[in-house]
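Inspection log for the structure reproduced underneath, given as structure tokens.
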Amino acid sequence: MSAGRLERKPFLAVAVTVAFFAWLYLPIVAVALFSFNSAKSLSVFSGFSTRWYSDFFSNSALLESLSASLRIATVAALGSLVLGTMLALGLERITSRPARAVGAVTLMPLVTPEIVTGVAALLLFTGVGLKLSLSTVTLAEITFSIAYVTVIVRGRLGSMSPEVEEAARDLGCTPWQALRLVTLPALFPALLGSGLLVFALVFDDFVLAFFTTGVDPQPLPVRIYSSIRFGISPAINAVGTLMLLVSGLLIVAALLLPRLFNRKTSSLDLITGGERR
Amino acid sequence: MTTPVTPAETRAVAVPPAASSAVSLRGLTKEFGGTRVVDRIDLDVAAGEFFSLLGPSGCGKTTTLRMIAGFNDPTSGTVLVGGEDVTSTPPHKRDVNTVFQSYALFEHLDVRGNVGFGLRRKGVDRSTIDQRVSEMLELVELGPRAKDRPAQLSGGQRQRVALARALINRPKVLLLDEPLAALDLKLRRAMQVELKTIQREVGITFLFVTHDQDEALSMSDRVAIMNDGVIEQCGTPEDVYENPTSVFAASFIGTSNLMQGTYAGGEVRVAPGLAVPVPGLTGSAEGDRLSVAIRPEKIWMSDFAPSMVQVPGTIVSTSYHGATTQYLVSVATGITLTVLEQNLPRMRADDRWAPGDRVRIGWHPEHAVVLR
């Protein structure tokens with residue numbers, strides 16, 4: 001045994017890592033577990049039951065909120081995808097000083113505390129006399145999400161050689177055809193990834209939705225928050241578990257869809273920085 | 001007040017393009033933020049020619065190519081392709097195609113999709129496209145990889161896809177921007193031969209941009225040496241190598257023994273005791289400062305002919321290069337010449353000179369080239 005300290009098993013590091021993940025995920029596991037509890041207790045598991053799920057699916061107010069959240073997330077994902085991609089293309093091509101300043105400003109929503117964005121959106125909407133509703137939530141969420149799309153799409157654009165689009169022009173494409181036939185397909189993993197990311201972020205966003213929503217129907221997180229004030233029901237656990245499932249499916253989709261389209265890089269690689277080449 | 005002159009009228013005054021030329025440039029100039037990158041270039045590339053633009057990085061050769069392709073707009077001047085003025089024609093309407101340095105393949109399409117891209121844009125019918133793509137893949141020996149994605153190919157294969165994708169459109173001119181620069185040396189040599197063979201086979205005009213002098217000399221029908229945005233010299237590879245007309249051309253292509261001196265009595269006096277005869281020189285007056293260059297392989301160290309200029313010298317250093325041996329020979333104060341000798345079969349190691357040896361070197365007078 002001539003190996004030094006470095007070859008010993010790093011027990012402490014393993015223990016800390018296990019503790020970290022336990023701290024992070026045990027509460028979530030508990031939520032999922034107790035959503036199947038037959039009793040109302042949140043501390044004693046008395047038997048398996050799906051009654052809280054039936055509760056949820058027979059609660060029309062919660063269902064309406066779920067549908068509202070899904071619609072908001074879909075529209076916000078599509079809207080911010082279109083605007084964010086256009087912004088990314090513009091910023092990548094125009095290299096003047098003002099354009100670089102604009103580029104920096106687009107990152108602001110990522111660092112602005114969400115509560116500030118929420119209050120600002122509320123002041124804007126009431127200031128111009130817009131009635132708060134699901135539309136105002138959607139508008140606020142799109143504004144907030146553009147930055148994510150822009151950052152991810154620009155990252156992809158930056159790794160693409162400008163010669164690729166020139167090659168398309170060289171081979172007979174008008175600028176519009178070059179965008180449609182070459183640039184956008186090359187951006188596909190980034191578009192898919194940022195779209196799914198925005199969907200997941202908006203779907204369970206509370207702060208912005210809380211400030212900008214009207215009375216009825218409310219987005220799901222806001223609805224959950226309001227119902228908690230009247231006592232915690234395990235039905236909330238069921239809703240939470242369902243939301244977890246939706247987010248999980250989105251991540252799997254982001255991982256798998258590009259592979260189905262026979263691509264080497266999945267869109268998640270762009271977010272996690274695991275892109276090859 | 002002078003009457004405004006339209007660009008068309010200025011062009012009419014300039015040299016008319018040769019009828020058979022595939023590309024003609026007239027006074028082509030490009031400035032980026034006040035810096036002149038390409039400076040009033042005139043150039044005619046004949047149809048079917050393999051023509052190289054050779055120069056160091058930053059000499060303006062790629063910018064020139066990009067102006068012909070239409071990716072950069074000239075500040076002034078004209079680009080003609082097949083005798084037609086395309087100066088303000090967008091890239092997709094020009095009858096030229098480009099092989100990019102980065103290859104710029106479409107990663108979301110397979111090899112067939114990449115190669116057939118241009119024909120699909122032209123609206124050629126599907127069966128013709130299929131047939132021509134197959135022919136082209138045959139030509140670049142990529143038939144078995146037709147269904148592969150670019151990411152699955154090696155560097156050399158990607159290079160061939162880029163070539164096939166451009167060639168299939170049968171452009172009037174194929175522009176190649178350092179297409180071999182990313183390949184390793186061995187593959188590069190193989191591709192040089194292959195590229196030349198393909199060019200002969202298809203008969204399309206190639207305009208090839210490179211900083212590699214070997215590449216330019218071995219492949220081209222004609223070479224233009226570019227430096228600082230201007231063409232220093234243009235001619236056949238033999239011509240630009242044997243008869244460089246400028247100091248830059250002499251030193252950029254191969255190595256040269258460059259000497260400065262004063263012209264007097266049919267000689268350039270380089271140093272006390274060293275004069276280089278320059279017979280038949282015209283256009284220079286007594287007392288002019290001139291540069292004169294002699295190629296290292298044109299200097300002999302034995303078997304002198306009577307007509308040769310002979311000078312005594314001392315070996316300073318020797319270096320063995322396999323096929324050749326390079327000597328540095330001191331011939332006068334401050335003047336050291338490089339001499340390259342073939343290592344012939346009859347020569348053994350002890351036949352070669354050693355540092356300190358007193359030698360005689362000699363050259364034919366016509367191999368001393370005067371530069372301006």
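Numbering starts fresh at 1 for the residues of each chain in the structure tokens, the chains themselves are lettered A, B, ... in the order given, and ligands are numbered from 1 as they appear.
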Residue hits in chain B, query chain A, radius 10 Å, only C-alpha atoms, as a ChimeraX atom specification
/B:69-71,90-109,116-122,149,151-152,162,165-166,169
Backbone-only DSSP, alpha helix (DSSP H) members of stretch 14-218 of chain A, as a PyMOL selection string:
chain A and resi 14-34+51-57+60-93+97-106+108-111+114-127+134-159+162-170+175-178+184-203+207-212
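The coordinates place atom CA of A:Val119 at 6.5 Å from atom CA of A:Phe211.
Among B:Gly143, B:Pro244, B:Pro237, B:Gly123, the residue with the shortest atom-to-atom distance to B:Leu53, counting only C-alpha atoms, is B:Pro237.
Computed from the coordinates, the atom CA of B:Pro144 to atom CA of B:Arg200 distance equals 24.0 Å.
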A:Ile236: which residues within 12 Å, counting only C-alpha atoms, same-chain residues fewer than 4 positions away excluded, as an NGL selection string?
:A and (31-32 or 34-36 or 40 or 42 or 52-57 or 59 or 62 or 220-221 or 223-232 or 240-243)
Need to verify the contact set: B:Ile253, 10 Å, only C-alpha atoms, exclusion of same-chain residues closer than 4 positions in sequence. Can you return it as a list of chain:residue names?
B:Leu54, B:Gly55, B:Asp212, B:Gln213, B:Asp214, B:Ala216, B:Leu217, B:Ile225, B:Pro237, B:Val240, B:Tyr241, B:Glu242, B:Pro244, B:Phe248, B:Ala249
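With only C-alpha atoms as the atoms that count, the residue of B:Val193, B:Leu207, B:Leu65, B:Val359 with the shortest distance to B:Lys172 is B:Leu207.
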What's around A:Pro219 at 10 Å? Count only C-alpha atoms, leave out sequence neighbours fewer than 3 positions away in its own chain, and write the answer as a PyMOL selection string.
chain A and resi 62+64-73+133-134+137+203-206+209-210+213-216+222-224
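Distance-wise, atom CA of B:Ser291 and atom CA of B:Leu371 end up 5.2 Å apart.
Nearest to A:Leu89 of all the residues A:Leu130, A:Leu24, A:Ala200, A:Val151 is A:Val151, based on only C-alpha atoms.
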A:Ala147 proximity check over A:Leu192, A:Leu122, A:Val128, A:Val198, using only C-alpha atoms: winner is A:Val198
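The residue set within 7 Å of A:Gly84, counting only C-alpha atoms and dropping same-chain residues fewer than 5 places from it, reads A:Ile146, A:Ala147, A:Val149, A:Thr150.
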Of B:Arg222, B:His211, B:His364, B:Lys298, the one nearest to B:Thr236 when counting only C-alpha atoms is B:Arg222
